[in-house]
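Okay, start-v9.txt is below, compact mmCIF, C-alpha atoms:
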```
# COMPACT_ATOMS: atom_id res chain seq x y z
CA MET A 1 0.00 0.00 0.00
CA LYS A 2 1.39 3.37 -1.02
CA ILE A 3 0.66 6.75 0.49
CA HIS A 4 1.11 10.00 -1.39
CA VAL A 5 0.25 13.52 -0.27
CA LEU A 6 -1.28 16.23 -2.42
CA ARG A 7 -0.70 19.73 -1.08
CA LEU A 8 -3.01 22.28 -2.72
CA GLY A 9 -2.35 25.92 -3.54
CA HIS A 10 1.25 26.44 -2.45
CA ARG A 11 2.48 30.05 -2.43
CA PRO A 12 6.29 30.22 -2.41
CA PHE A 13 6.68 33.15 -0.12
CA ARG A 14 3.87 32.84 2.36
CA ASP A 15 3.61 29.05 2.56
CA GLN A 16 7.21 27.96 2.21
CA ARG A 17 7.83 26.85 5.76
CA ILE A 18 4.41 25.26 6.23
CA THR A 19 4.70 23.33 2.95
CA THR A 20 8.26 22.33 3.88
CA HIS A 21 6.99 21.02 7.21
CA CYS A 22 4.18 19.15 5.40
CA SER A 23 6.72 17.48 3.07
CA LEU A 24 9.05 16.55 5.90
CA VAL A 25 6.16 15.11 7.89
CA ALA A 26 4.96 13.17 4.84
CA ARG A 27 8.46 11.70 4.45
CA ALA A 28 9.14 11.04 8.14
CA PHE A 29 5.73 9.43 8.76
CA GLY A 30 5.83 6.99 5.85
CA ALA A 31 4.46 8.63 2.70
CA GLU A 32 6.47 8.08 -0.46
CA LYS A 33 5.73 11.21 -2.41
CA MET A 34 4.28 14.67 -2.15
CA ILE A 35 2.76 16.45 -5.12
CA TYR A 36 2.06 20.14 -4.68
CA THR A 37 0.05 22.58 -6.77
CA GLY A 38 -0.18 26.37 -6.76
CA TYR A 39 3.17 27.93 -7.58
CA LYS A 40 6.29 25.96 -8.44
CA ASP A 41 8.95 26.47 -5.78
CA ASN A 42 12.46 25.29 -6.60
CA LYS A 43 13.81 26.25 -3.18
CA LEU A 44 11.24 23.97 -1.54
CA GLU A 45 12.12 21.09 -3.86
CA VAL A 46 15.84 21.47 -3.31
CA SER A 47 15.52 21.58 0.47
CA ILE A 48 13.36 18.43 0.56
CA SER A 49 15.68 16.59 -1.83
CA LYS A 50 18.64 17.46 0.37
CA VAL A 51 16.93 16.00 3.43
CA SER A 52 16.14 12.80 1.49
CA THR A 53 19.71 12.48 0.22
CA ASN A 54 21.14 13.01 3.70
CA PHE A 55 18.64 11.12 5.84
CA GLY A 56 17.88 8.31 3.38
CA GLY A 57 14.76 6.67 2.01
CA PHE A 58 13.03 7.29 -1.30
CA PHE A 59 10.80 10.31 -0.82
CA GLU A 60 9.91 12.38 -3.87
CA ILE A 61 8.46 15.85 -4.29
CA GLU A 62 6.85 16.97 -7.53
CA TYR A 63 5.05 20.06 -8.78
CA LYS A 64 1.86 19.74 -10.87
CA LYS A 65 -0.16 22.58 -12.22
CA ASP A 66 -3.66 21.13 -12.25
CA TRP A 67 -4.90 19.55 -9.02
CA LYS A 68 -8.06 18.23 -10.70
CA LYS A 69 -6.03 16.25 -13.20
CA VAL A 70 -3.87 14.89 -10.39
CA ILE A 71 -6.90 13.66 -8.46
CA ALA A 72 -8.56 12.28 -11.60
CA GLU A 73 -5.42 10.30 -12.37
CA TYR A 74 -5.17 8.86 -8.87
CA LYS A 75 -8.84 7.92 -8.99
CA SER A 76 -8.52 6.25 -12.38
CA ASN A 77 -5.68 4.17 -10.90
CA GLY A 78 -7.90 3.00 -8.06
CA TRP A 79 -6.39 5.13 -5.31
CA LEU A 80 -8.48 6.30 -2.38
CA VAL A 81 -8.74 10.08 -2.00
CA VAL A 82 -8.72 11.19 1.65
CA HIS A 83 -9.15 14.92 2.20
CA LEU A 84 -8.10 16.23 5.60
CA THR A 85 -10.38 19.04 6.67
CA VAL A 86 -11.65 20.41 9.95
CA TYR A 87 -15.20 20.01 8.52
CA GLY A 88 -14.91 16.27 7.88
CA LEU A 89 -15.86 13.17 9.86
CA PRO A 90 -13.72 12.36 12.92
CA ILE A 91 -10.62 10.30 12.15
CA GLN A 92 -11.37 8.04 15.14
CA SER A 93 -14.63 6.94 13.48
CA LYS A 94 -13.16 6.22 10.04
CA ILE A 95 -9.49 5.23 10.25
CA GLY A 96 -10.25 1.52 10.84
CA LYS A 97 -12.44 1.39 7.74
CA ILE A 98 -9.86 3.25 5.63
CA ARG A 99 -7.07 0.93 6.77
CA LYS A 100 -9.14 -2.18 6.05
CA MET A 101 -9.81 -1.06 2.47
CA LYS A 102 -6.14 -1.84 1.74
CA LYS A 103 -5.92 0.67 -1.04
CA ASP A 104 -3.22 3.08 -2.09
CA ILE A 105 -4.13 6.48 -0.66
CA VAL A 106 -3.60 10.04 -1.73
CA ILE A 107 -4.05 12.39 1.24
CA VAL A 108 -5.18 15.86 0.18
CA ILE A 109 -4.26 18.82 2.38
CA GLY A 110 -5.38 22.32 1.65
CA GLY A 111 -3.69 25.64 1.45
CA GLU A 112 -5.37 28.91 2.40
CA LYS A 113 -8.34 28.50 0.05
CA VAL A 114 -9.63 25.02 -0.65
CA PRO A 115 -11.80 24.64 -3.77
CA SER A 116 -15.22 23.39 -2.72
CA GLU A 117 -15.23 20.62 -5.34
CA ILE A 118 -12.60 18.75 -3.37
CA TYR A 119 -15.19 17.89 -0.69
CA HIS A 120 -17.16 15.97 -3.30
CA LEU A 121 -14.25 14.46 -5.20
CA ALA A 122 -12.79 12.96 -2.02
CA ASP A 123 -13.79 9.45 -0.96
CA PHE A 124 -13.41 10.59 2.64
CA ASN A 125 -13.38 14.03 4.24
CA ILE A 126 -11.66 13.46 7.55
CA SER A 127 -11.15 15.80 10.49
CA ILE A 128 -8.45 15.59 13.13
CA THR A 129 -10.58 17.27 15.80
CA PRO A 130 -13.23 19.83 14.80
CA GLN A 131 -10.91 22.60 16.04
CA PRO A 132 -8.80 24.85 13.81
CA HIS A 133 -5.12 23.93 13.99
CA SER A 134 -2.65 22.92 11.30
CA GLU A 135 -2.36 20.87 8.13
CA VAL A 136 1.09 19.83 9.36
CA ALA A 137 -0.38 18.32 12.54
CA ALA A 138 -3.39 16.86 10.73
CA LEU A 139 -1.14 15.04 8.28
CA ALA A 140 1.10 13.71 11.07
CA ILE A 141 -1.83 12.43 13.14
CA PHE A 142 -3.50 10.84 10.11
CA LEU A 143 -0.32 8.95 9.15
CA HIS A 144 0.39 8.03 12.78
CA GLU A 145 -3.13 6.60 13.16
CA TYR A 146 -3.05 4.90 9.76
CA PHE A 147 0.27 3.16 10.46
CA GLN A 148 -0.69 2.61 14.12
CA GLY A 149 2.60 4.02 15.38
CA LYS A 150 4.75 1.63 13.34
CA GLU A 151 6.00 4.55 11.25
CA LEU A 152 7.93 5.75 14.30
CA ASN A 153 10.36 2.88 13.71
CA LYS A 154 10.58 3.22 9.93
CA ASP A 155 14.03 2.57 8.48
CA PHE A 156 15.37 4.97 5.87
CA ALA A 157 17.71 3.17 3.47
CA LYS A 158 21.03 4.63 2.36
CA ALA A 159 21.08 7.40 4.94
CA LYS A 160 24.27 9.44 5.05
CA ILE A 161 23.28 10.94 8.37
CA ARG A 162 21.69 9.01 11.21
CA ILE A 163 20.60 10.52 14.49
CA ILE A 164 21.34 8.25 17.44
CA PRO A 165 18.66 8.68 20.12
CA THR A 166 20.22 9.90 23.33
CA LYS A 167 19.15 11.00 26.80
CA SER A 168 20.63 14.49 26.55
CA GLY A 169 22.70 16.17 23.89
CA LYS A 170 23.17 15.32 20.21
CA LYS A 171 24.60 12.16 18.67
CA ILE A 172 24.95 11.88 14.92
CA GLU A 173 26.48 9.18 12.73
CA SER A 174 27.57 10.60 9.42
CA THR A 175 29.18 9.14 6.33
CA LYS A 176 28.83 12.41 4.47
CA ASN A 177 31.90 13.58 2.55
CA GLN A 178 33.82 10.49 3.51
CA ASN A 179 34.04 8.76 0.12
CA MET B 180 -2.67 17.25 35.37
CA LYS B 181 -1.94 20.40 33.40
CA ILE B 182 -0.01 20.72 30.16
CA HIS B 183 1.67 23.93 29.06
CA VAL B 184 3.88 24.50 26.02
CA LEU B 185 7.00 26.65 25.93
CA ARG B 186 7.96 27.78 22.44
CA LEU B 187 11.53 29.10 22.31
CA GLY B 188 13.00 31.85 20.15
CA HIS B 189 9.99 33.14 18.22
CA ARG B 190 10.76 35.60 15.39
CA PRO B 191 7.64 37.56 14.39
CA PHE B 192 8.25 37.63 10.68
CA ARG B 193 9.88 34.32 9.88
CA ASP B 194 8.15 32.12 12.45
CA GLN B 195 4.70 33.62 12.61
CA ARG B 196 2.80 30.87 10.86
CA ILE B 197 4.74 28.03 12.45
CA THR B 198 4.30 29.50 15.94
CA THR B 199 0.61 30.11 15.19
CA HIS B 200 0.25 26.46 14.16
CA CYS B 201 2.08 25.37 17.34
CA SER B 202 -0.31 27.41 19.49
CA LEU B 203 -3.39 26.11 17.69
CA VAL B 204 -2.16 22.54 18.02
CA ALA B 205 -1.40 23.10 21.73
CA ARG B 206 -4.97 24.35 22.20
CA ALA B 207 -6.72 21.76 20.02
CA PHE B 208 -4.82 18.81 21.53
CA GLY B 209 -5.44 19.65 25.16
CA ALA B 210 -2.76 22.01 26.46
CA GLU B 211 -3.97 24.94 28.54
CA LYS B 212 -1.36 27.55 27.81
CA MET B 213 1.54 28.42 25.55
CA ILE B 214 4.36 30.66 26.67
CA TYR B 215 6.68 31.89 23.94
CA THR B 216 10.06 33.60 24.11
CA GLY B 217 12.14 35.42 21.52
CA TYR B 218 10.29 38.46 20.21
CA LYS B 219 6.90 39.60 21.42
CA ASP B 220 4.32 39.32 18.67
CA ASN B 221 0.99 41.04 19.24
CA LYS B 222 -0.44 39.79 15.95
CA LEU B 223 0.18 36.20 17.03
CA GLU B 224 -1.46 36.79 20.41
CA VAL B 225 -4.50 38.46 18.91
CA SER B 226 -5.05 35.71 16.36
CA ILE B 227 -4.83 32.95 18.99
CA SER B 228 -7.11 34.84 21.37
CA LYS B 229 -9.67 35.22 18.58
CA VAL B 230 -9.67 31.48 17.94
CA SER B 231 -10.16 30.81 21.66
CA THR B 232 -12.99 33.30 21.91
CA ASN B 233 -14.74 31.86 18.88
CA PHE B 234 -14.09 28.15 19.35
CA GLY B 235 -14.27 28.05 23.14
CA GLY B 236 -12.15 26.62 25.92
CA PHE B 237 -9.65 28.40 28.14
CA PHE B 238 -6.39 28.50 26.20
CA GLU B 239 -3.93 31.25 27.03
CA ILE B 240 -0.90 32.59 25.20
CA GLU B 241 1.75 34.64 26.98
CA TYR B 242 5.10 36.21 26.10
CA LYS B 243 8.07 35.92 28.46
CA LYS B 244 11.49 37.32 27.87
CA ASP B 245 13.70 34.84 29.69
CA TRP B 246 13.20 31.16 28.93
CA LYS B 247 15.57 30.08 31.70
CA LYS B 248 13.46 31.83 34.30
CA VAL B 249 10.34 30.25 32.86
CA ILE B 250 11.81 26.76 33.11
CA ALA B 251 13.24 27.43 36.59
CA GLU B 252 9.81 28.52 37.77
CA TYR B 253 8.07 25.46 36.36
CA LYS B 254 10.71 23.24 37.94
CA SER B 255 10.38 24.91 41.31
CA ASN B 256 6.63 24.24 41.13
CA GLY B 257 7.27 20.54 40.53
CA TRP B 258 6.41 20.46 36.83
CA LEU B 259 8.07 17.95 34.53
CA VAL B 260 10.08 19.50 31.68
CA VAL B 261 9.78 17.52 28.43
CA HIS B 262 11.86 18.83 25.54
CA LEU B 263 10.84 17.64 22.09
CA THR B 264 13.92 17.20 19.91
CA VAL B 265 14.92 14.95 17.04
CA TYR B 266 17.99 13.97 19.10
CA GLY B 267 16.05 12.66 22.08
CA LEU B 268 14.84 9.23 23.15
CA PRO B 269 11.94 7.73 21.16
CA ILE B 270 8.50 8.73 22.40
CA GLN B 271 7.32 5.13 22.13
CA SER B 272 9.88 4.11 24.78
CA LYS B 273 9.09 6.89 27.28
CA ILE B 274 5.48 8.04 26.98
CA GLY B 275 4.14 5.35 29.33
CA LYS B 276 6.61 6.38 32.02
CA ILE B 277 5.87 10.09 31.56
CA ARG B 278 2.12 9.48 31.77
CA LYS B 279 2.46 7.37 34.92
CA MET B 280 4.40 10.11 36.70
CA LYS B 281 1.12 12.06 36.88
CA LYS B 282 2.82 15.42 36.98
CA ASP B 283 2.01 18.72 35.38
CA ILE B 284 4.13 19.01 32.23
CA VAL B 285 5.70 21.85 30.33
CA ILE B 286 6.57 20.74 26.79
CA VAL B 287 9.48 22.70 25.34
CA ILE B 288 9.69 23.12 21.57
CA GLY B 289 12.54 24.85 19.86
CA GLY B 290 12.84 27.56 17.30
CA GLU B 291 15.64 27.70 14.76
CA LYS B 292 18.45 27.68 17.31
CA VAL B 293 17.96 25.75 20.52
CA PRO B 294 20.29 26.66 23.40
CA SER B 295 22.29 23.58 24.34
CA GLU B 296 21.52 24.00 28.06
CA ILE B 297 17.94 22.96 27.43
CA TYR B 298 19.06 19.36 26.81
CA HIS B 299 20.35 19.23 30.38
CA LEU B 300 17.60 21.24 32.04
CA ALA B 301 14.91 18.96 30.61
CA ASP B 302 13.75 15.94 32.58
CA PHE B 303 13.16 14.18 29.27
CA ASN B 304 14.48 14.84 25.77
CA ILE B 305 11.99 13.07 23.53
CA SER B 306 12.07 12.48 19.79
CA ILE B 307 9.09 11.85 17.54
CA THR B 308 11.10 9.77 15.04
CA PRO B 309 14.82 10.48 14.54
CA GLN B 310 13.97 12.18 11.23
CA PRO B 311 13.84 15.93 10.67
CA HIS B 312 10.26 17.18 10.34
CA SER B 313 8.30 19.75 12.29
CA GLU B 314 7.79 21.07 15.80
CA VAL B 315 4.09 21.40 14.91
CA ALA B 316 3.84 17.67 14.16
CA ALA B 317 6.06 16.70 17.09
CA LEU B 318 3.82 18.60 19.50
CA ALA B 319 0.65 17.07 18.03
CA ILE B 320 1.99 13.52 18.21
CA PHE B 321 3.28 14.00 21.76
CA LEU B 322 -0.08 15.29 22.99
CA HIS B 323 -1.97 12.62 21.02
CA GLU B 324 0.17 9.88 22.58
CA TYR B 325 0.05 11.44 26.03
CA PHE B 326 -3.75 11.69 26.03
CA GLN B 327 -4.08 8.37 24.15
CA GLY B 328 -6.40 9.85 21.56
CA LYS B 329 -8.92 11.11 24.13
CA GLU B 330 -8.03 14.70 23.21
CA LEU B 331 -9.77 14.15 19.86
CA ASN B 332 -13.09 14.30 21.71
CA LYS B 333 -12.23 17.24 23.97
CA ASP B 334 -15.08 19.63 24.59
CA PHE B 335 -14.42 23.36 24.37
CA ALA B 336 -16.72 25.27 26.70
CA LYS B 337 -18.51 28.45 25.69
CA ALA B 338 -17.76 28.09 21.98
CA LYS B 339 -19.43 30.64 19.74
CA ILE B 340 -18.63 28.60 16.67
CA ARG B 341 -18.94 24.83 16.49
CA ILE B 342 -18.02 22.77 13.46
CA ILE B 343 -20.44 19.91 12.90
CA PRO B 344 -18.62 16.91 11.41
CA THR B 345 -20.05 16.06 8.03
CA LYS B 346 -19.41 13.65 5.16
CA SER B 347 -18.86 16.34 2.55
CA GLY B 348 -19.12 20.11 2.69
CA LYS B 349 -19.11 22.47 5.65
CA LYS B 350 -21.52 22.67 8.57
CA ILE B 351 -21.08 25.32 11.22
CA GLU B 352 -23.19 26.24 14.24
CA SER B 353 -22.62 29.82 15.22
CA THR B 354 -23.97 32.04 17.95
CA LYS B 355 -21.61 34.85 17.01
CA ASN B 356 -23.12 38.32 16.77
CA GLN B 357 -26.50 37.05 17.83
CA ASN B 358 -26.67 38.66 21.29
```
Please, can you express the file's structure as structure tokens?
Amino acid sequence: MKIHVLRLGHRPFRDQRITTHCSLVARAFGAEKMIYTGYKDNKLEVSISKVSTNFGGFFEIEYKKDWKKVIAEYKSNGWLVVHLTVYGLPIQSKIGKIRKMKKDIVIVIGGEKVPSEIYHLADFNISITPQPHSEVAALAIFLHEYFQGKELNKDFAKAKIRIIPTKSGKKIESTKNQN
Amino acid sequence: MKIHVLRLGHRPFRDQRITTHCSLVARAFGAEKMIYTGYKDNKLEVSISKVSTNFGGFFEIEYKKDWKKVIAEYKSNGWLVVHLTVYGLPIQSKIGKIRKMKKDIVIVIGGEKVPSEIYHLADFNISITPQPHSEVAALAIFLHEYFQGKELNKDFAKAKIRIIPTKSGKKIESTKNQN
């Protein structure tokens, strides 16, 4: 089962850090790819690629112009479209069902303005609490619930930098620039 | 048991959205207060206060100049200091212990540069995966694990706006401007 993330309506200046956090969360919590729409942002792509090169794994980031085409393509390939929105049904009531469907999933997260069609195109509109908070947090909680915490132990192949968990301080194992 | 969040080193321009997301996550996932250091940011405070007024509950945000004093005060009042950092020990190995201690907790989350003393002042340095991602996500996952998902059903008293979970579209109950 694959998980991709579709981030809608990225604006390079205003959204850069939030979209960067979304990508890093997608990668760290077990998604394989993030597609983003809105404005193309080379700085974002470079910074995410650097993290993947250094910390391992196979995460991709890609820009697409037309979000409707992206969703149509996922749907035609049999993927489930899960839209995270504060207006949706509670994750705790739906995550078991979604997991049991054993389908590839594209998780849609909005930018500032979410086109209303997305609510109808999605197979599930899911809320992570009915309180306003953050697409970064919503994505993390969805993936954490979907993978039931197993993503916390995910191994990232070919890492050049590994952080060694420690009680206090910083421990890093690095093979960077040692060829 | 109370939970507060201490956000270090806020910069009004660069960090505004990330710190806003941290505050909203703190509120939505069951913390009662966020203290932030760095630069005072009235816009941040106003926007968080508006959310609290509209969506209910008793969340507070407060600026303090000196993070060391803040931590010293929490410690002297018997609070547990939990620092979320990618370098720390895995949450899955420590959350049970932290929960069983039944203490009030201040969760420390860093800004761009975290002073190294914090690693030694903290009772626990905890990582949410050893991968780089986001303080917004780290805070959400910590609170979600700490409250074991119960925070998803938290009630927010005196809300003027309530979002009604729905399958597709947006349903809001509002008593705003109806006095």
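Residue nearest chain A, chosen from B:Lys181, B:His323, B:His312, B:Arg190 and counting all atoms listed in the file: B:His312.
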*Which protein, DNA or RNA residues are at most 9 Å from (0.9, 24.2, 12.8) in the file's coordinates when you count all atoms listed in the file, listed as a ChimeraX atom specification?*
/A:18,21,133-138 /B:196-204,313-316,319
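The residue that comes closest to chain B, out of A:Leu143, A:Leu89, A:Ala159, A:Ile105 and on the basis of all atoms listed in the file, is A:Leu89.
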Which polymer residues have any atom within 8 Å of an atom of Ile107 (chain A), counting all atoms listed in the file, with same-chain residues fewer than 2 positions away left out, as a compact mmCIF listing (two decimals) with C-alpha atoms, keeping the file's coordinate frame?
```txt
# COMPACT_ATOMS: atom_id res chain seq x y z
CA ILE A 3 0.66 6.75 0.49
CA HIS A 4 1.11 10.00 -1.39
CA VAL A 5 0.25 13.52 -0.27
CA LEU A 6 -1.28 16.23 -2.42
CA VAL A 81 -8.74 10.08 -2.00
CA VAL A 82 -8.72 11.19 1.65
CA HIS A 83 -9.15 14.92 2.20
CA LEU A 84 -8.10 16.23 5.60
CA ILE A 105 -4.13 6.48 -0.66
CA ILE A 109 -4.26 18.82 2.38
```
*Residues of chain B within 8 Å of chain A, using all atoms listed in the file, as a VMD selection string?*
chain B and resid 196 to 197 200 203 to 204 207 230 234 265 to 269 271 295 298 to 299 303 to 304 306 to 313 315 to 316 319 to 320 323 331 to 332 341 to 350
Export of prior selection with C-alpha atoms as an mmCIF file, keeping the file's coordinate frame:
```cif
data_model
loop_
_atom_site.group_PDB
_atom_site.id
_atom_site.type_symbol
_atom_site.label_atom_id
_atom_site.label_comp_id
_atom_site.auth_asym_id
_atom_site.auth_seq_id
_atom_site.Cartn_x
_atom_site.Cartn_y
_atom_site.Cartn_z
ATOM 1 C CA ARG B 196 2.800 30.870 10.860
ATOM 2 C CA ILE B 197 4.740 28.030 12.450
ATOM 3 C CA HIS B 200 0.250 26.460 14.160
ATOM 4 C CA LEU B 203 -3.390 26.110 17.690
ATOM 5 C CA VAL B 204 -2.160 22.540 18.020
ATOM 6 C CA ALA B 207 -6.720 21.760 20.020
ATOM 7 C CA VAL B 230 -9.670 31.480 17.940
ATOM 8 C CA PHE B 234 -14.090 28.150 19.350
ATOM 9 C CA VAL B 265 14.920 14.950 17.040
ATOM 10 C CA TYR B 266 17.990 13.970 19.100
ATOM 11 C CA GLY B 267 16.050 12.660 22.080
ATOM 12 C CA LEU B 268 14.840 9.230 23.150
ATOM 13 C CA PRO B 269 11.940 7.730 21.160
ATOM 14 C CA GLN B 271 7.320 5.130 22.130
ATOM 15 C CA SER B 295 22.290 23.580 24.340
ATOM 16 C CA TYR B 298 19.060 19.360 26.810
ATOM 17 C CA HIS B 299 20.350 19.230 30.380
ATOM 18 C CA PHE B 303 13.160 14.180 29.270
ATOM 19 C CA ASN B 304 14.480 14.840 25.770
ATOM 20 C CA SER B 306 12.070 12.480 19.790
ATOM 21 C CA ILE B 307 9.090 11.850 17.540
ATOM 22 C CA THR B 308 11.100 9.770 15.040
ATOM 23 C CA PRO B 309 14.820 10.480 14.540
ATOM 24 C CA GLN B 310 13.970 12.180 11.230
ATOM 25 C CA PRO B 311 13.840 15.930 10.670
ATOM 26 C CA HIS B 312 10.260 17.180 10.340
ATOM 27 C CA SER B 313 8.300 19.750 12.290
ATOM 28 C CA VAL B 315 4.090 21.400 14.910
ATOM 29 C CA ALA B 316 3.840 17.670 14.160
ATOM 30 C CA ALA B 319 0.650 17.070 18.030
ATOM 31 C CA ILE B 320 1.990 13.520 18.210
ATOM 32 C CA HIS B 323 -1.970 12.620 21.020
ATOM 33 C CA LEU B 331 -9.770 14.150 19.860
ATOM 34 C CA ASN B 332 -13.090 14.300 21.710
ATOM 35 C CA ARG B 341 -18.940 24.830 16.490
ATOM 36 C CA ILE B 342 -18.020 22.770 13.460
ATOM 37 C CA ILE B 343 -20.440 19.910 12.900
ATOM 38 C CA PRO B 344 -18.620 16.910 11.410
ATOM 39 C CA THR B 345 -20.050 16.060 8.030
ATOM 40 C CA LYS B 346 -19.410 13.650 5.160
ATOM 41 C CA SER B 347 -18.860 16.340 2.550
ATOM 42 C CA GLY B 348 -19.120 20.110 2.690
ATOM 43 C CA LYS B 349 -19.110 22.470 5.650
ATOM 44 C CA LYS B 350 -21.520 22.670 8.570
#
```
*Have a look at CA of Phe147 (chain A) and CA of Arg99 (chain A) and let me know their distance in Å, one decimal.*
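So the answer is 8.5 Å.
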_For a test of reading the model, state the distance in Å between CA of Val287 (chain B) and CA of Phe321 (chain B), rounded to one decimal._
11.3 Å
*Around (-5.0, 35.3, 19.5) in the file's frame, which residues reach within 10 Å when counting only C-alpha atoms? Return as a list in words?*
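All residues meeting the 10 Å criterion around (-5.0, 35.3, 19.5) are Thr199, Ser202, Leu203, Asn221, Lys222, Leu223, Glu224, Val225, Ser226, Ile227, Ser228, Lys229, Val230, Ser231, Thr232, Phe238, Glu239 and Ile240 of chain B.
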*asked:* Between CA of Lys279 (chain B) and CA of Ser93 (chain A), what distance in Å does the model show, to one decimal?
replied: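 So the answer is 27.4 Å.
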So for region 130-140 of chain A, what box centre and size do we get, axis-aligned, 6 Å extra on each of the six sides, every listed atom, Å to one decimal, as AutoDock Vina command-line options?
```
--center_x -6.1 --center_y 19.3 --center_z 12.1 --size_x 26.3 --size_y 23.1 --size_z 19.9
```
_Residues within 7 Å of Gly217 (chain B), please, as an MDAnalysis selection string. Count only C-alpha atoms; anything in the same chain fewer than 3 positions from it doesn't count._
chainID B and resid 187:190 244
Take the residues that were just selected and, keeping C-alpha atoms, output them as an mmCIF file, in the frame of the given file.
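Output (selection.cif):
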```
data_model
loop_
_atom_site.group_PDB
_atom_site.id
_atom_site.type_symbol
_atom_site.label_atom_id
_atom_site.label_comp_id
_atom_site.auth_asym_id
_atom_site.auth_seq_id
_atom_site.Cartn_x
_atom_site.Cartn_y
_atom_site.Cartn_z
ATOM 1 C CA LEU B 187 11.530 29.100 22.310
ATOM 2 C CA GLY B 188 13.000 31.850 20.150
ATOM 3 C CA HIS B 189 9.990 33.140 18.220
ATOM 4 C CA ARG B 190 10.760 35.600 15.390
ATOM 5 C CA LYS B 244 11.490 37.320 27.870
#
```
_Closest of B:Thr216, B:Thr354, B:Gln327, B:Ser255 to Gly289 (chain B) - atom-to-atom distances counting only C-alpha atoms_ =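 Of the candidates, the smallest distance to Gly289 (chain B) is held by B:Thr216.
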